[in-house]
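S.K.: Starting off with a structure, shown below.
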Amino acid sequence: KTHSGKSGVAHRKKSLGPATLLQLFAMTRESSKPLLSVAGILSADAWFSFGKLVSKAYKSDANAHALFSYERALLILNSPKSVSLNKPALDLLCESLLSPLTQYKCFLQSNINHSIGVYSYEQGNFDKAADYLDKSSRFRRQMRDDLHDQDGENDDHSKGLSKLFSAVVGGIKSNCLVSPASMSEEVFTNVFKYSIGHGCIQLPRETFAVDELELSLSLTLEYSALTQHAGQKPHHALSFFQESLILRTMHVGKHSLDVASLHFNMGVVYDDLEQYDQAISRYHESLRIRLDQMNKATSPATISELEDSVLLTIKCMGHVYKLLNDMDNAICCNVKALEMVNKKLTTYREHADEWSKMGLRLGLSVPVPTIIFPEMKSSTDNASWKTNFQMMNKKELCHVFEPRLTKRRSRSTVSKLKRELAKIHSTVIDLVNERKKSAWDNESGSLRSKLPGSSSLLLASLSSTFKMGGDAFEAALMRSSFSLGRMRLEQMRYEEAADYLETALRSKWVLDPASSSDSDSDFSFKSLSSRKKQAKCMDEDDPEEGQIYYSLGICNAAMDDHERAVRCFLTAMRYLRRSLRRVDSLEVARVLFDCGTSHYYLCNFEQSVSLYEECLRILSSLTPSHEEKEEKAPSPTDVSKSNSFRRGIVLYCLVMAKAAIDFDAEASNLLNEAQMLLSSSNDQIVLAYMEFLTGLFLHHAASQVPIRLRSITRISSTGLSLDDGLSWKEMCQSALTLLEQVKNECWFDPLEGVEDSDEVRHLPLSGHICFTKGQVYELMNSVDQALNSYVDAANFYRIACGDENMYVASVLHRMGTICSLRTEFHALGYFNEALSIRKNLLGGNDHLVAETLYSSAIVLARLNRYEASMERYHEALRIQMADSQDSNEVARTLAGMGICHYNHRAYDLALTCLEGAVKIRKYRVSRLTDSAELVELYGEECALGTDFFNLGNVHMQMGDYAQAMQCSIQSRDLRWCHVGSGTVNKILDKYFSETTVDEDELLGLAHCLHNIGVMFDIKKEYIRSLPHYEEALAIKNAIAGFSAKDSMSLVNQVNLDENEALVLQSLHKDQEFPRINKATLSASVTRQKIALVYVKQKKYDYALFHFSHALRIQRQVLGKDHCRVGSILSSMGNALRRTSTPSEMAIRCYNESLRISQLRFGQNHATVASALFDIGNLHDSNQNFSKAMHYYQRALSVYKQKYSQDLRQRLCSGLARPRASLNGGTEILSTGDEINVVGDTSVPEKQIGEQYALVTEALRNAKQQDMINRGERTSCIGDSNDAWLTFEVLLFRFVEMLFKYVVDPAQTVVRDTIDNSRRRIESAAAHAVIGDADALDYQFLLLMQE
């Protein structure tokens, strides 16, 4: 246009009024409506295409995004603006309704409504889905009808477009007052031509238009039917399905899978309407079509999809047959379904040899390593021990060992198939049981029937396995019961599994009555032989009787009913070995393994070892060529590796069973072999179990080494040696290190709680780890660490088996044994708790109860609780004698009672008990002399030597020195034989050499020699006593580790001029000994006795030499303030007075002795008075009479007080029997030393009286000498103090005579009268009522006398 034209238009616009402008706007809007209509269709097409792309692209929320696009497109198509044309244009479009653009709009509406309806159906919005699908079907029916009316010719739409342009744009121009701004005819025509061309491309072709529309309509009708069925409108659904089936059959044929799907869906609807005949008809037609297609298919994916649809159809048919009470066809359907699922499951299963198939593809249940206490080994028949052992070692706590050589497949598909199998098997079992019940109710006779009739010929043609001879339904029941039992077994639902397996076993017996025979008769053998031709290989789904029995054994073992499990395993093994397979097969080896494990849990360790060894023999004899050869079988290398793992596990279990019997070299070698076989395994739990067993063996080896050989003994792969390997300390440290490693891998944290922890199966092992560590620490003398470990072990055992169980009792008993060496009170508490548990669990007559009673009695005796100790000794003896009157335990208890009586001065009772112990020991030794039990004989002889020694001590205290000498000599001879004949020097040479000498027996020999020397000393045969003392001292010095210079045999080397320095050194310088052991203190006692002999021989320098050495030892061992140290110091002071040593040395010894006596006993004790008297006597001899008088007066005041107290006690005691004092006579050392120093056996009252008289006389003499030295005259009467002292002496003598001639005889007569009366009363009461307890007590007294 020109510039003038533009200005004219602008001028006209400025001159227009409002009405004209509104008319112009309306004309412009009207002219744009055709473009809006075209744009609406194209925009709806774009939104619909975008929705389809979104549904493919989005992985999540795809349908929601697509639905938004579909609804947007439908909103645009249904908008009134897209069709609001003027009247001429609208009439023109209505006349040409079949134009491609209008057809495409209808096509889009049908597709979009269909898509929204399908989405709503999938989302469960069935009302909305029905509405949209109904609209879609109406549009598609309209399109189909319009296509049927169309002549098929393509009109030229150019003229129509010109008319449309004239009607739209031209109509506007004719009615306008002004010229509108509109498009040209060319632009209008091109826009509509493009839109019509796009619609023609998207619309179905004319040749296939009707077929495609009817197929789409069939699909919409099918979804409408599904929607109506979901909305509980089955009749409407049937009509839609029928119309869809007709259309689909017309166009795709009646043999297509789509038609089969419609038949199946119609069958489902008929099933809901309870029109079962029509349902069966539809299912059969669907199944026929799908089977034909499956036979023709070649693609694995297609075949798999068809198998799933066939399986679903068969299951639905089985359900309908069940509702029709047609159990035969129902069972047949489910059996076909089982065969199909099993076939599919086989493709996902990994390869398994006969070992795994027989084990139902289960891993090896590896028992947790455990500890068998020594007391348990001696009482394996005890029910409580077995119960606690099984509680501690439950099968559910086993570790499952599965050596996987390849990666595991994804388990989702397999798990889904197994769940499907379980449902179908359950259905088969229910159907067969219902069929049996129906047959019994109808009294139809035999339950055996053939295959289903002609009503399911199609089903009968599916499988061949179901048509085998025999009772097909009973066989189906057997297979389903076994398979379902096996699945429940994998799910660890053992009770249900056992029920199903028992059902399978009963069905097996029904199918073949001869198989239930429990004998090896000819009939049974022939029946078995007839099945051998069919049983060429192991079939996991069609089991033999042996496999059923094995599965039952697994269930019973898992429920800890191991006795029944053993019976099942043995029956399974018998059937397997009588079958066609080799006797030494993998199946038999698997049964042997599990049977051996059950025997282990039953504490039948010998039988368990036998079965494990047989299993190991079979595995060792097999090579990879014996394995099954399948297409998917692993390589021979993998098979050999798997077999090695199995052998390693069997070896591990064999080692555990052997260790339960005894730790021997063979078990150690087997453990090394198992570690080599399992070294390449990635199962850390099993490797930790191996480390625990290794730690146990190291502890056992360390515990077998004698104490004196621990520094030179080593352990290697060949056993204990002296050359190479680990030292004893390294053994213990290695054991602790291994146990700590096991703790890091297998540990239960008690703070997490039993219910919340995933590591409960490590609970027993955690207790065993702590207990074994406690044992190792105990060997290493780490008492505190041992006690801490035992406390932890007891806590774990309490959590595992309850507060009261035998494991806890054994740990507490062991803790009491350790504490008895340190703190008797704590030991007594542990023993009491252990005793309470054992009495509650075992009753009051078990030998373990007696063991705890005996140990606690020893502790009570050390606590000076004599009566309580004897009560427990008597109770222990009663239990032991009820079992056997000549057992080792009886002799040991009698010996303990004798020692307890001896320590409390009851020598008569001690003599009776020890004589009984000696008699039993002699009998046992004589019985074992001619036997091959050398170890037991040696132990009995050692115990007999100890009893002879203790009996000799009793005779010695009773003054029967001849019997004491005889007992000591017998004990010496026995022990001399045990350590080797010959002189003491030769024996010590053996001891210091590599030859093993029993250190305890050697020390016992020294004790005997010491006591023989004591008896010669009492007889004043000092020449004979000294050699025995010297020999005893030489042995004790050797055991204590003293140097040769300290030996008595080198007394000639003593320099007499060095005695003063030696005494000073022993008084002031503490000596550190290399070690303090059981012989250290005993050596000092023997030195003290030697020194006393030299004092009697007036060889005071030699005596001081030994006193000094004894003093240094006792100060180091007992402490500086012990009463024994004060006694030696007093003896040293007495010896020093008789030597040329200055008296200051003697005074120093006396003063130290006095200090110790005052510290230990107080100011008013007889020992203090004796020390004061010794000091006064020394000053008296030095003519220092004033000091002598001072000490004499102090000593006299103590003696006078003690003397008067004794007289008052004798006068006021009445008829009470006097008790022997524990302070005088023989003293028992606090260290538990076996040596007893024999002292004066006189009455203590007499000693005090004599000491009082002696001090009185010394005081008078000192006064007289003092007066003479001062030049004063002495008189017979003296001063007032002397007169008063004379009066006290006369008074004490008068009271003594009064007691001797009046009081004591009268008390004796009265006491005897009372005792006789008491005995008569007790005799009458005992004869009045006699019970079981009286009879037992009387029998006990008779046995004691015998």
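Note on naming: chains are A, B, ... as they come in the structure tokens, residues start from 1 per chain, ligands start from 1 in the order shown.
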Write out as an NGL selection string the set of residues from stretch 465-503 of chain A that DSSP, computed on the backbone, places in helix (DSSP H, G or I).
M.R.: :A and (465-467 or 472-490 or 494-503)
S.K.: Write out as a PDB file with N, CA and C atoms, in the first residue's frame the residues lying within 7 Å of A:Ala850, counting only C-alpha atoms and excluding same-chain residues fewer than 4 positions away.
M.R.:
ATOM      1  N   ASP A 846      23.530 -86.495  94.712  1.00  0.00           N
ATOM      2  CA  ASP A 846      24.377 -86.587  93.525  1.00  0.00           C
ATOM      3  C   ASP A 846      25.840 -86.374  93.913  1.00  0.00           C
ATOM      4  N   TYR A 854      32.316 -81.180  99.840  1.00  0.00           N
ATOM      5  CA  TYR A 854      33.691 -81.458 100.262  1.00  0.00           C
ATOM      6  C   TYR A 854      34.560 -80.196 100.155  1.00  0.00           C
ATOM      7  N   ALA A 876      28.698 -85.061 102.659  1.00  0.00           N
ATOM      8  CA  ALA A 876      29.389 -85.512 101.446  1.00  0.00           C
ATOM      9  C   ALA A 876      29.730 -86.989 101.530  1.00  0.00           C
ATOM     10  N   ILE A 879      26.671 -89.240 100.884  1.00  0.00           N
ATOM     11  CA  ILE A 879      26.337 -89.359  99.460  1.00  0.00           C
ATOM     12  C   ILE A 879      27.316 -90.276  98.746  1.00  0.00           C
ATOM     13  N   GLN A 880      28.584 -90.122  99.041  1.00  0.00           N
ATOM     14  CA  GLN A 880      29.599 -90.918  98.352  1.00  0.00           C
ATOM     15  C   GLN A 880      29.535 -92.386  98.747  1.00  0.00           C
TER      16      GLN A 880
END
S.K.: Quote the spacing between atom CA of A:Glu496 and atom CA of A:Ser480 in Å to one decimal place.
M.R.: 13.5 Å
S.K.: Would you pick out the contacts of A:Cys770 at 12 Å or less, using only C-alpha atoms, so that residues sharing its chain but fewer than 2 positions from it are not included, and give the list as a PyMOL selection string?
M.R.: chain A and resi 370-371+692+695-696+736+739-740+742-743+747-748+763-768+772-777+785-797+811
S.K.: What gap, in Å, lies between atom CA of A:Glu871 and atom CA of A:Leu853?
M.R.: 9.2 Å
S.K.: For the atom pair atom CA of A:Cys615 and atom CA of A:Tyr494, what is the interatomic distance in Å to one decimal place?
M.R.: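 Computing it gives 25.5 Å between the two atoms.
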S.K.: Please provide the set of residues having any atom within 7 Å of A:Ile1039, restricted to only C-alpha atoms, with same-chain residues fewer than 3 positions apart removed, written as an mmCIF file with N, CA and C atoms, in the first residue's frame.
M.R.:
data_model
loop_
_atom_site.group_PDB
_atom_site.id
_atom_site.type_symbol
_atom_site.label_atom_id
_atom_site.label_comp_id
_atom_site.auth_asym_id
_atom_site.auth_seq_id
_atom_site.Cartn_x
_atom_site.Cartn_y
_atom_site.Cartn_z
ATOM 1 N N ILE A 1035 66.265 -81.327 99.464
ATOM 2 C CA ILE A 1035 65.155 -81.415 98.503
ATOM 3 C C ILE A 1035 64.363 -80.111 98.476
ATOM 4 N N LYS A 1036 64.071 -79.582 99.658
ATOM 5 C CA LYS A 1036 63.276 -78.358 99.703
ATOM 6 C C LYS A 1036 64.010 -77.181 99.098
ATOM 7 N N ALA A 1079 57.596 -74.861 98.701
ATOM 8 C CA ALA A 1079 58.726 -75.408 99.440
ATOM 9 C C ALA A 1079 59.533 -74.348 100.185
#
S.K.: Using only C-alpha atoms for the distances, tell me which of A:Cys732, A:Asp328, A:Leu417, A:Val1289 is nearest to A:Ala439.
M.R.: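 Counting only C-alpha atoms, the residue closest to A:Ala439 is A:Asp328.
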S.K.: A:Leu821, A:Ile372, A:Ile76, A:Leu421: which is nearest A:Asp662, counting only C-alpha atoms?
M.R.: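 With only C-alpha atoms as the atom set, the closest residue is A:Ile372.
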S.K.: Calculated over only C-alpha atoms, which of the candidates A:Arg1137, A:Arg761, A:Arg564, A:His263 has the smallest distance to A:Asn393?
M.R.: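 Going through A:Arg1137, A:Arg761, A:Arg564, A:His263 one by one, the smallest distance to A:Asn393 is for A:Arg761.
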S.K.: Counting only C-alpha atoms, which residue out of A:Arg822, A:Lys357, A:Tyr807, A:Asn832 sits closest to A:Asp784?
M.R.: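 Checking each of A:Arg822, A:Lys357, A:Tyr807, A:Asn832 against A:Asp784, counting only C-alpha atoms, the winner is A:Arg822.
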